[in-house]
Structures are given as structure tokens and as C-alpha cells.
$ cat my_file-v5.csv   # CSV, C-alpha atoms
chain,number,residue,atom,x,y,z
A,3,MET,CA,122.6,-71.1,56.8
A,4,PHE,CA,125.8,-72.9,55.6
A,5,GLU,CA,126.5,-70.0,53.3
A,6,ARG,CA,126.2,-67.6,56.2
A,7,ILE,CA,128.6,-69.7,58.3
A,8,LYS,CA,131.2,-69.7,55.5
A,9,GLU,CA,130.8,-65.9,55.0
A,10,ASP,CA,131.3,-65.3,58.8
A,11,ILE,CA,134.4,-67.5,59.0
A,12,GLU,CA,136.0,-65.7,56.0
A,13,MET,CA,135.2,-62.4,57.6
A,14,VAL,CA,136.9,-63.4,60.8
A,15,MET,CA,140.0,-64.4,58.9
A,16,LEU,CA,140.2,-60.8,57.5
A,17,ARG,CA,139.5,-59.1,60.8
A,18,ASP,CA,141.2,-61.1,63.5
A,19,PRO,CA,145.0,-61.3,63.4
A,20,ALA,CA,144.9,-64.1,66.0
A,21,ALA,CA,142.9,-66.4,63.7
A,22,ARG,CA,145.1,-69.2,62.2
A,23,SER,CA,142.7,-71.5,60.5
A,24,LYS,CA,139.1,-71.8,59.5
A,25,LEU,CA,138.7,-74.9,61.6
A,26,GLU,CA,140.0,-73.0,64.7
A,27,ILE,CA,137.5,-70.3,64.0
A,28,PHE,CA,134.6,-72.7,63.6
A,29,LEU,CA,135.3,-74.5,66.8
A,30,THR,CA,136.6,-71.9,69.2
A,31,TYR,CA,135.0,-68.5,68.5
A,32,PRO,CA,132.1,-68.0,70.9
A,33,GLY,CA,131.2,-64.7,69.1
A,34,LEU,CA,130.4,-66.6,66.0
A,35,HIS,CA,128.6,-69.3,67.9
A,36,ALA,CA,126.4,-66.7,69.5
A,37,ILE,CA,125.5,-65.3,66.1
A,38,TRP,CA,124.6,-68.7,64.7
A,39,TRP,CA,122.5,-69.6,67.8
A,40,TYR,CA,120.8,-66.3,67.4
A,41,GLU,CA,119.9,-67.1,63.8
A,42,ILE,CA,118.1,-70.3,64.9
A,43,ALA,CA,116.4,-68.5,67.8
A,44,HIS,CA,115.3,-65.6,65.5
A,45,TRP,CA,113.8,-68.1,63.0
A,46,PHE,CA,111.5,-69.4,65.7
A,47,TRP,CA,110.8,-66.0,67.1
A,48,ILE,CA,109.5,-64.4,63.9
A,49,ARG,CA,107.3,-67.5,63.4
A,50,ASN,CA,105.7,-66.8,66.7
A,51,TYR,CA,107.3,-69.7,68.6
A,52,LEU,CA,108.3,-67.2,71.3
A,53,PHE,CA,109.2,-69.6,74.1
A,54,THR,CA,111.3,-71.8,71.8
A,55,GLY,CA,113.2,-68.7,70.6
A,56,ARG,CA,113.8,-67.5,74.2
A,57,PHE,CA,114.9,-71.0,75.3
A,58,ILE,CA,117.5,-71.2,72.5
A,59,SER,CA,118.7,-67.7,73.3
A,60,ALA,CA,119.1,-68.7,77.0
A,61,LEU,CA,121.0,-71.8,76.0
A,62,ALA,CA,123.3,-69.8,73.8
A,63,ARG,CA,124.0,-67.4,76.7
A,64,LEU,CA,124.9,-70.3,78.9
A,65,LEU,CA,127.3,-71.7,76.3
A,66,THR,CA,128.9,-68.4,75.0
A,67,GLY,CA,128.5,-65.7,77.7
A,68,ILE,CA,126.7,-63.6,75.1
A,69,GLU,CA,123.0,-62.7,75.3
A,70,ILE,CA,121.3,-61.8,72.1
A,71,HIS,CA,117.5,-61.5,72.3
A,72,PRO,CA,115.8,-63.5,69.5
A,73,GLY,CA,113.7,-60.5,68.6
A,74,ALA,CA,116.7,-58.3,67.7
A,75,LYS,CA,117.6,-57.8,64.0
A,76,ILE,CA,121.3,-58.4,63.1
A,77,GLY,CA,122.9,-58.0,59.7
A,78,ARG,CA,125.5,-60.0,57.9
A,79,ARG,CA,129.2,-60.4,58.8
A,80,VAL,CA,128.7,-59.1,62.4
A,81,PHE,CA,131.7,-60.1,64.4
A,82,ILE,CA,131.6,-60.3,68.2
A,83,ASP,CA,135.2,-60.5,69.3
A,84,HIS,CA,135.7,-62.5,72.5
A,85,GLY,CA,132.2,-61.4,73.4
A,86,MET,CA,131.9,-62.3,77.1
A,87,GLY,CA,129.2,-60.0,78.7
A,88,VAL,CA,127.8,-58.7,75.4
A,89,VAL,CA,124.0,-58.0,75.6
A,90,VAL,CA,121.8,-57.1,72.7
A,91,GLY,CA,118.2,-56.1,73.5
A,92,GLU,CA,114.9,-57.2,71.9
A,93,THR,CA,114.4,-54.2,69.6
A,94,ALA,CA,118.0,-53.5,68.8
A,95,ILE,CA,119.0,-53.3,65.1
A,96,VAL,CA,122.6,-54.0,64.0
A,97,GLY,CA,123.7,-53.4,60.5
A,98,ASP,CA,126.2,-55.3,58.3
A,99,ASP,CA,129.9,-55.5,59.0
A,100,VAL,CA,129.7,-54.4,62.6
A,101,LEU,CA,132.6,-55.2,65.0
A,102,ILE,CA,131.6,-55.6,68.7
A,103,TYR,CA,134.0,-56.2,71.5
A,104,GLN,CA,133.5,-57.8,74.9
A,105,GLY,CA,131.2,-56.2,77.5
A,106,VAL,CA,129.2,-54.1,75.0
A,107,VAL,CA,125.5,-53.5,75.9
A,108,LEU,CA,122.8,-52.4,73.5
A,109,GLY,CA,120.3,-51.6,76.2
A,110,GLY,CA,116.8,-50.1,76.5
A,111,THR,CA,115.3,-47.4,78.7
A,112,SER,CA,111.6,-47.9,78.5
A,113,LEU,CA,109.1,-50.4,80.1
A,114,GLU,CA,106.7,-49.9,77.1
A,115,ARG,CA,106.5,-52.5,74.3
A,116,LYS,CA,108.0,-50.3,71.6
A,117,LYS,CA,111.3,-49.6,70.0
A,118,ARG,CA,113.5,-49.0,73.0
A,119,HIS,CA,117.0,-50.2,72.0
A,120,PRO,CA,119.6,-48.7,69.7
A,121,THR,CA,120.0,-48.9,66.0
A,122,ILE,CA,123.6,-49.5,64.9
A,123,GLY,CA,124.5,-48.7,61.3
A,124,SER,CA,126.7,-50.7,59.0
A,125,GLY,CA,130.5,-50.6,59.4
A,126,VAL,CA,130.4,-49.5,63.1
A,127,VAL,CA,133.1,-50.4,65.6
A,128,ILE,CA,132.0,-50.6,69.2
A,129,GLY,CA,134.8,-50.7,71.8
A,130,SER,CA,135.2,-52.9,74.9
A,131,GLY,CA,132.7,-52.1,77.6
A,132,ALA,CA,130.8,-49.5,75.7
A,133,LYS,CA,127.1,-49.0,76.6
A,134,ILE,CA,124.7,-47.7,74.0
A,135,ILE,CA,121.3,-47.0,75.7
A,136,GLY,CA,117.9,-46.2,74.4
A,137,ASP,CA,116.2,-45.7,71.0
A,138,ILE,CA,119.0,-43.9,69.4
A,139,THR,CA,120.8,-44.3,66.1
A,140,ILE,CA,124.6,-44.7,65.5
A,141,GLY,CA,125.3,-43.8,61.9
A,142,ASP,CA,127.2,-45.9,59.4
A,143,CYS,CA,131.0,-46.2,59.8
A,144,SER,CA,131.0,-44.7,63.3
A,145,LYS,CA,133.4,-45.7,66.1
A,146,ILE,CA,132.4,-45.9,69.8
A,147,GLY,CA,135.3,-45.7,72.2
A,148,ALA,CA,136.0,-48.3,74.8
A,149,GLY,CA,134.1,-47.7,78.0
A,150,SER,CA,131.9,-45.0,76.5
A,151,VAL,CA,128.2,-44.5,77.6
A,152,VAL,CA,126.3,-43.3,74.6
A,153,LEU,CA,122.8,-41.7,75.2
A,154,LYS,CA,122.3,-39.6,72.1
A,155,SER,CA,122.3,-40.4,68.4
A,156,ALA,CA,125.5,-39.9,66.3
A,157,PRO,CA,125.6,-39.1,62.6
A,158,PRO,CA,127.5,-41.3,60.1
A,159,GLY,CA,131.2,-41.3,60.4
A,160,SER,CA,131.3,-40.1,64.0
A,161,THR,CA,133.9,-41.0,66.7
A,162,VAL,CA,132.1,-41.0,70.1
A,163,VAL,CA,134.0,-41.2,73.4
A,164,GLY,CA,133.5,-40.5,77.1
A,165,ILE,CA,130.7,-40.6,79.8
A,166,PRO,CA,128.3,-39.5,78.5
A,167,GLY,CA,129.5,-40.1,75.0
A,168,ARG,CA,130.5,-37.0,73.0
A,169,ASN,CA,131.1,-36.9,69.2
A,170,VAL,CA,134.7,-35.7,68.9
A,171,LYS,CA,135.2,-36.4,65.2
A,172,GLU,CA,133.1,-36.8,62.0
A,173,LYS,CA,133.5,-38.0,58.5
A,174,ARG,CA,135.3,-41.2,59.5
A,175,LYS,CA,135.7,-43.6,56.6
A,176,CYS,CA,134.6,-47.2,56.8
A,177,ALA,CA,137.6,-49.5,57.4
A,178,ILE,CA,138.7,-52.5,59.3
A,179,ASP,CA,139.8,-50.6,62.3
A,180,LEU,CA,140.9,-52.4,65.5
A,181,ASP,CA,142.2,-49.3,67.4
A,182,HIS,CA,139.1,-48.7,69.5
A,183,GLY,CA,141.1,-47.7,72.6
A,184,GLU,CA,143.3,-44.9,71.1
A,185,LEU,CA,140.8,-42.2,70.7
A,186,PRO,CA,140.7,-38.4,71.5
A,187,ASP,CA,139.8,-37.4,75.1
A,188,PRO,CA,137.9,-34.1,75.1
A,189,ILE,CA,138.0,-33.7,78.9
A,190,ALA,CA,141.8,-34.1,78.9
A,191,GLU,CA,142.1,-31.5,76.1
A,192,VAL,CA,140.0,-29.0,78.2
A,193,ILE,CA,142.2,-29.6,81.3
A,194,LYS,CA,145.3,-29.1,79.2
A,195,LEU,CA,144.1,-25.8,77.9
A,196,ILE,CA,143.2,-24.6,81.4
A,197,LEU,CA,146.7,-25.6,82.7
A,198,GLN,CA,148.3,-23.8,79.7
A,199,ARG,CA,146.3,-20.6,80.5
A,200,GLN,CA,147.3,-20.9,84.2
A,201,ASP,CA,151.0,-21.0,83.2
A,202,GLU,CA,150.5,-17.9,81.1
A,203,MET,CA,148.8,-16.0,83.9
A,204,GLU,CA,151.6,-17.0,86.3
A,205,MET,CA,154.3,-15.7,83.9
A,206,GLN,CA,152.4,-12.4,83.5
A,207,LEU,CA,152.1,-12.0,87.3
A,208,LYS,CA,155.9,-12.6,87.6
A,209,ALA,CA,156.5,-10.0,84.9
A,210,LEU,CA,154.7,-7.5,87.2
A,211,GLY,CA,156.9,-8.5,90.1
A,212,LEU,CA,154.2,-10.3,91.9
A,213,SER,CA,154.5,-13.8,93.5
A,214,THR,CA,152.0,-16.4,92.5
A,215,THR,CA,151.9,-17.8,96.0
A,216,THR,CA,152.0,-14.7,98.3
A,217,ILE,CA,150.3,-11.8,96.6
A,218,ASN,CA,149.8,-8.7,98.6
A,219,VAL,CA,146.2,-7.7,98.1
A,220,ASP,CA,146.8,-4.0,98.6
A,221,GLU,CA,149.6,-4.0,96.1
A,222,LEU,CA,147.4,-5.9,93.6
A,223,PHE,CA,144.6,-3.3,93.8
A,224,ASN,CA,147.1,-0.5,93.5
A,225,ARG,CA,148.4,-1.9,90.3
A,226,LYS,CA,144.9,-2.9,89.0
A,227,SER,CA,145.0,-0.8,85.9
A,228,GLU,CA,148.4,-2.1,84.8
A,229,ILE,CA,147.3,-5.7,85.3
A,230,GLU,CA,144.0,-5.1,83.4
A,231,GLU,CA,146.0,-3.7,80.5
A,232,ILE,CA,148.3,-6.7,80.3
A,233,PHE,CA,145.4,-9.2,80.4
A,234,SER,CA,143.4,-7.2,77.9
A,235,GLU,CA,146.3,-7.4,75.4
A,236,GLY,CA,146.6,-11.1,76.0
A,237,ALA,CA,142.9,-11.7,75.4
A,238,GLY,CA,143.0,-9.6,72.2
A,239,ILE,CA,140.5,-7.0,73.6
$ encode --input "my_file-v5.csv" --output "C-alpha cells"
Amino acid sequence: MFERIKEDIEMVMLRDPAARSKLEIFLTYPGLHAIWWYEIAHWFWIRNYLFTGRFISALARLLTGIEIHPGAKIGRRVFIDHGMGVVVGETAIVGDDVLIYQGVVLGGTSLERKKRHPTIGSGVVIGSGAKIIGDITIGDCSKIGAGSVVLKSAPPGSTVVGIPGRNVKEKRKCAIDLDHGELPDPIAEVIKLILQRQDEMEMQLKALGLSTTTINVDELFNRKSEIEEIFSEGAGI
């Protein structure tokens, strides 16, 4: 246990630029306190002292604002930064070297007593407020954007953003990466392309001598073949 505490403190020194001393980390980081309380609760849980495990878990939530079910499986060097509002469900599995920000939920979707919470690979970064729901797998070294709602599995090295979460990038390398808010926005990219196409169409209509606001329908039909030819060329037909 003491070796685990030492390892966690050294890990925070590497990952958190706000950390100034090991004593400060030991005394004032609720994310680490929650992990340490979880280790105690989990010890009781796997030895079938279920009530004791749940009681310790509830006490940890009261003290840290972080709820980790004692039945969850959490790897080494997991860092919950700030952590308020983080929830980790009973059958969740979290790998090594995972970085979790505040408001993250690893939730379930079934009432049956089976694997119903997500599996998080090693080296994953989960941004603030992200929700990962159901028995899905997030591959190693992936990044989940802030505020995303992830309902489907993602392969290793993915970057997942949006509601519902979409994989916008693969083959991400494992790294200490704190930029979980500056990620691609696929919806914004689509809107941008639509607006660009609209500008092109307006310029083509102006080239035909037509107003984009007051188009005479009869005139438009009279020049139908000319317009079709211009748009066919633009589309590469």
C-alpha cells in the first residue's frame, strides 16, 4: 500500500503542473485520496465483506466527492484530477496510467447482474464531463473529449468527441496529454463545408445574372439547361 502511495504521488508530480511538493499532493489531492480509499474498500469487497466495502466507499464519496464502487477494477497510476462528481460503476475496469477529469461517469445501462460498465484501456485521457456508458471498450491510448457521451467501443489510439461520441482520429500515441478540450469538431466541419458550397452556388447564380434573393421562377426554368451545365461541370459530372 505504501509503495502504491509513493508511486501515485510521483505520477502526479509528472502530470500536474500545479503540484509543488509531495506533501501538498499527499494532503490536498482528493483524486488520490479517493483511489486510496477505493483500495481499502476493494480489499474488503473481494473478500466478501460487501457491506464494509460499500460503507468505506460511501465514506470516501462524502470526503472527496468521488464515487468509486468497491467492485470496480482500477489499475496503477490512475489520476483523477480535481475529481468532483466522478462516478465509477461496479463492473467498470480501468487500466494503468489513465487520466480522468472532473465530472466523468463510467456508467451502466442494464439492470442485470452482469458486466454493464465500460472497460477503459491503459493510457486513456477522459476529458471533463465525459460520460462513457454501457459495456463498451475504450482502447489503449485513446482520448475522450470534454463533454462527450460515448455509447460505442473505440479502437486503440482513438480520439472520440461529440454527443453521441464519434471517432474522429485514430493511431494516437500514448503521451502525457492535458489538452482534452482542444479537439476536432466533426459537426462544425460539416456545417463549414455546407456554407462553402452555398457560397459557391451563389457565385454561380450571380454569374448567370440571377439574384440569390429574388429569383424569377420563369426565368430560372427558361435557363434550366444552362444552369444544369454549370453545376454539372462544378460537380465533375
$ closest_residue --input "my_file-v5.csv" --among "A:Cys143, A:Leu108, A:Leu65, A:Ile37" --to "Ser124 of chain A" --atoms "all atoms listed in the file"
A:Cys143
$ atom_distance --input "my_file-v5.csv" --atom1 "atom CA of Glu9 of chain A" --atom2 "atom CA of Arg79 of chain A"
6.9 Å
$ atom_distance --input "my_file-v5.csv" --atom1 "atom CA of Ile68 of chain A" --atom2 "atom CA of Val80 of chain A"
13.6 Å
$ closest_residue --input "my_file-v5.csv" --among "A:His119, A:Arg17, A:Lys75, A:Arg63" --to "His44 of chain A" --atoms "only C-alpha atoms"
A:Lys75
$ residues_around --input "my_file-v5.csv" --residues "segment 22-29 of chain A" --least-positions-apart "6" --cutoff "9 Å" --atoms "only C-alpha atoms" --output "number ranges by chain"
A: 7, 11-12, 14-15, 35
$ residues_near_point --input "my_file-v5.csv" --point "(114.1, -61.8, 77.0)" --cutoff "8 Å" --atoms "only C-alpha atoms" --output "list in words"
Arg56, His71, Pro72, Gly91 and Glu92 of chain A
$ write_last_selection --input "my_file-v5.csv" --atoms "C-alpha atoms" --output "PDB file, keeping the file's coordinate frame"
ATOM      1  CA  ARG A  56     113.800 -67.500  74.200  1.00  0.00           C
ATOM      2  CA  HIS A  71     117.500 -61.500  72.300  1.00  0.00           C
ATOM      3  CA  PRO A  72     115.800 -63.500  69.500  1.00  0.00           C
ATOM      4  CA  GLY A  91     118.200 -56.100  73.500  1.00  0.00           C
ATOM      5  CA  GLU A  92     114.900 -57.200  71.900  1.00  0.00           C
TER       6      GLU A  92
END
$ closest_residue --input "my_file-v5.csv" --among "A:Thr54, A:Gly136, A:Val127, A:Ser59" --to "Thr93 of chain A" --atoms "all atoms listed in the file"
A:Gly136
$ closest_residue --input "my_file-v5.csv" --among "A:Thr111, A:Leu101, A:Val96, A:Asp10" --to "Gly141 of chain A" --atoms "only C-alpha atoms"
A:Val96
$ atom_distance --input "my_file-v5.csv" --atom1 "atom CA of Thr161 of chain A" --atom2 "atom CA of Ile70 of chain A"
24.9 Å
$ residues_around --input "my_file-v5.csv" --residues "segment 145-156 of chain A" --least-positions-apart "3" --cutoff "8 Å" --atoms "all atoms listed in the file" --output "JSON, numbers by chain"
{"A": [126, 127, 128, 129, 130, 131, 132, 133, 134, 135, 136, 138, 139, 140, 141, 159, 160, 161, 162, 163, 164, 165, 166, 167, 168, 169, 182, 183, 185]}
$ closest_residue --input "my_file-v5.csv" --among "A:Ile95, A:Leu61, A:Ala36, A:Val88" --to "Ala74 of chain A" --atoms "only C-alpha atoms"
A:Ile95
$ closest_residue --input "my_file-v5.csv" --among "A:Gly73, A:Gly110, A:Gly85, A:Gly97" --to "Ile122 of chain A" --atoms "only C-alpha atoms"
A:Gly97
$ residues_around --input "my_file-v5.csv" --residues "Gly67 of chain A" --least-positions-apart "5" --cutoff "10 Å" --atoms "only C-alpha atoms" --output "count of residues only"
14
$ build_atoms --input "my_file-v5.csv" --residues "segment 70-81 of chain A" --atoms "all heavy atoms" --output "PDB file, in the coordinates of the input"
ATOM      1  N   ILE A  70     121.895 -62.478  73.183  1.00  0.00           N
ATOM      2  CA  ILE A  70     121.300 -61.800  72.100  1.00  0.00           C
ATOM      3  C   ILE A  70     119.782 -62.163  72.070  1.00  0.00           C
ATOM      4  O   ILE A  70     119.436 -63.339  71.915  1.00  0.00           O
ATOM      5  CB  ILE A  70     121.886 -62.151  70.715  1.00  0.00           C
ATOM      6  CG1 ILE A  70     123.382 -61.896  70.730  1.00  0.00           C
ATOM      7  CG2 ILE A  70     121.220 -61.361  69.594  1.00  0.00           C
ATOM      8  CD1 ILE A  70     124.096 -62.337  69.451  1.00  0.00           C
ATOM      9  N   HIS A  71     118.922 -61.188  72.267  1.00  0.00           N
ATOM     10  CA  HIS A  71     117.500 -61.500  72.300  1.00  0.00           C
ATOM     11  C   HIS A  71     117.059 -61.941  70.891  1.00  0.00           C
ATOM     12  O   HIS A  71     117.474 -61.359  69.880  1.00  0.00           O
ATOM     13  CB  HIS A  71     116.705 -60.231  72.681  1.00  0.00           C
ATOM     14  CG  HIS A  71     115.283 -60.518  73.045  1.00  0.00           C
ATOM     15  ND1 HIS A  71     114.304 -60.795  72.098  1.00  0.00           N
ATOM     16  CD2 HIS A  71     114.660 -60.576  74.252  1.00  0.00           C
ATOM     17  CE1 HIS A  71     113.154 -60.997  72.708  1.00  0.00           C
ATOM     18  NE2 HIS A  71     113.336 -60.872  74.009  1.00  0.00           N
ATOM     19  N   PRO A  72     116.239 -62.984  70.799  1.00  0.00           N
ATOM     20  CA  PRO A  72     115.800 -63.500  69.500  1.00  0.00           C
ATOM     21  C   PRO A  72     115.020 -62.490  68.665  1.00  0.00           C
ATOM     22  O   PRO A  72     114.887 -62.643  67.446  1.00  0.00           O
ATOM     23  CB  PRO A  72     115.003 -64.736  69.818  1.00  0.00           C
ATOM     24  CG  PRO A  72     114.566 -64.549  71.231  1.00  0.00           C
ATOM     25  CD  PRO A  72     115.678 -63.808  71.888  1.00  0.00           C
ATOM     26  N   GLY A  73     114.483 -61.463  69.314  1.00  0.00           N
ATOM     27  CA  GLY A  73     113.700 -60.500  68.600  1.00  0.00           C
ATOM     28  C   GLY A  73     114.581 -59.382  67.947  1.00  0.00           C
ATOM     29  O   GLY A  73     114.086 -58.580  67.139  1.00  0.00           O
ATOM     30  N   ALA A  74     115.851 -59.325  68.287  1.00  0.00           N
ATOM     31  CA  ALA A  74     116.700 -58.300  67.700  1.00  0.00           C
ATOM     32  C   ALA A  74     116.931 -58.618  66.197  1.00  0.00           C
ATOM     33  O   ALA A  74     116.674 -59.730  65.725  1.00  0.00           O
ATOM     34  CB  ALA A  74     118.095 -58.339  68.405  1.00  0.00           C
ATOM     35  N   LYS A  75     117.384 -57.590  65.465  1.00  0.00           N
ATOM     36  CA  LYS A  75     117.600 -57.800  64.000  1.00  0.00           C
ATOM     37  C   LYS A  75     119.129 -57.488  63.785  1.00  0.00           C
ATOM     38  O   LYS A  75     119.617 -56.383  64.047  1.00  0.00           O
ATOM     39  CB  LYS A  75     116.790 -56.780  63.222  1.00  0.00           C
ATOM     40  CG  LYS A  75     115.286 -57.030  63.380  1.00  0.00           C
ATOM     41  CD  LYS A  75     114.468 -56.025  62.594  1.00  0.00           C
ATOM     42  CE  LYS A  75     112.976 -56.281  62.791  1.00  0.00           C
ATOM     43  NZ  LYS A  75     112.143 -55.288  62.055  1.00  0.00           N
ATOM     44  N   ILE A  76     119.832 -58.503  63.316  1.00  0.00           N
ATOM     45  CA  ILE A  76     121.300 -58.400  63.100  1.00  0.00           C
ATOM     46  C   ILE A  76     121.638 -58.697  61.696  1.00  0.00           C
ATOM     47  O   ILE A  76     121.163 -59.675  61.094  1.00  0.00           O
ATOM     48  CB  ILE A  76     122.005 -59.400  64.084  1.00  0.00           C
ATOM     49  CG1 ILE A  76     121.711 -59.021  65.540  1.00  0.00           C
ATOM     50  CG2 ILE A  76     123.500 -59.408  63.831  1.00  0.00           C
ATOM     51  CD1 ILE A  76     122.369 -59.914  66.555  1.00  0.00           C
ATOM     52  N   GLY A  77     122.485 -57.850  61.129  1.00  0.00           N
ATOM     53  CA  GLY A  77     122.900 -58.000  59.700  1.00  0.00           C
ATOM     54  C   GLY A  77     123.919 -59.033  59.483  1.00  0.00           C
ATOM     55  O   GLY A  77     124.232 -59.851  60.351  1.00  0.00           O
ATOM     56  N   ARG A  78     124.514 -58.979  58.311  1.00  0.00           N
ATOM     57  CA  ARG A  78     125.500 -60.000  57.900  1.00  0.00           C
ATOM     58  C   ARG A  78     126.901 -59.564  58.315  1.00  0.00           C
ATOM     59  O   ARG A  78     127.206 -58.382  58.461  1.00  0.00           O
ATOM     60  CB  ARG A  78     125.429 -60.192  56.388  1.00  0.00           C
ATOM     61  CG  ARG A  78     124.049 -60.642  55.907  1.00  0.00           C
ATOM     62  CD  ARG A  78     124.020 -60.857  54.417  1.00  0.00           C
ATOM     63  NE  ARG A  78     124.738 -62.070  54.035  1.00  0.00           N
ATOM     64  CZ  ARG A  78     124.186 -63.270  53.974  1.00  0.00           C
ATOM     65  NH1 ARG A  78     122.897 -63.429  54.289  1.00  0.00           N
ATOM     66  NH2 ARG A  78     124.887 -64.335  53.601  1.00  0.00           N
ATOM     67  N   ARG A  79     127.755 -60.560  58.497  1.00  0.00           N
ATOM     68  CA  ARG A  79     129.200 -60.400  58.800  1.00  0.00           C
ATOM     69  C   ARG A  79     129.403 -59.556  60.079  1.00  0.00           C
ATOM     70  O   ARG A  79     130.349 -58.787  60.180  1.00  0.00           O
ATOM     71  CB  ARG A  79     129.905 -59.719  57.612  1.00  0.00           C
ATOM     72  CG  ARG A  79     129.883 -60.565  56.357  1.00  0.00           C
ATOM     73  CD  ARG A  79     130.519 -59.841  55.184  1.00  0.00           C
ATOM     74  NE  ARG A  79     129.836 -58.584  54.886  1.00  0.00           N
ATOM     75  CZ  ARG A  79     128.707 -58.491  54.184  1.00  0.00           C
ATOM     76  NH1 ARG A  79     128.137 -59.589  53.695  1.00  0.00           N
ATOM     77  NH2 ARG A  79     128.143 -57.323  53.963  1.00  0.00           N
ATOM     78  N   VAL A  80     128.520 -59.714  61.044  1.00  0.00           N
ATOM     79  CA  VAL A  80     128.700 -59.100  62.400  1.00  0.00           C
ATOM     80  C   VAL A  80     129.665 -59.967  63.159  1.00  0.00           C
ATOM     81  O   VAL A  80     129.458 -61.180  63.286  1.00  0.00           O
ATOM     82  CB  VAL A  80     127.361 -58.942  63.096  1.00  0.00           C
ATOM     83  CG1 VAL A  80     127.585 -58.463  64.528  1.00  0.00           C
ATOM     84  CG2 VAL A  80     126.457 -57.981  62.341  1.00  0.00           C
ATOM     85  N   PHE A  81     130.708 -59.352  63.712  1.00  0.00           N
ATOM     86  CA  PHE A  81     131.700 -60.100  64.400  1.00  0.00           C
ATOM     87  C   PHE A  81     131.761 -59.631  65.887  1.00  0.00           C
ATOM     88  O   PHE A  81     132.020 -58.457  66.156  1.00  0.00           O
ATOM     89  CB  PHE A  81     133.093 -59.888  63.779  1.00  0.00           C
ATOM     90  CG  PHE A  81     134.230 -60.610  64.466  1.00  0.00           C
ATOM     91  CD1 PHE A  81     134.021 -61.778  65.194  1.00  0.00           C
ATOM     92  CD2 PHE A  81     135.523 -60.123  64.382  1.00  0.00           C
ATOM     93  CE1 PHE A  81     135.055 -62.440  65.815  1.00  0.00           C
ATOM     94  CE2 PHE A  81     136.575 -60.777  64.992  1.00  0.00           C
ATOM     95  CZ  PHE A  81     136.347 -61.933  65.721  1.00  0.00           C
TER      96      PHE A  81
END
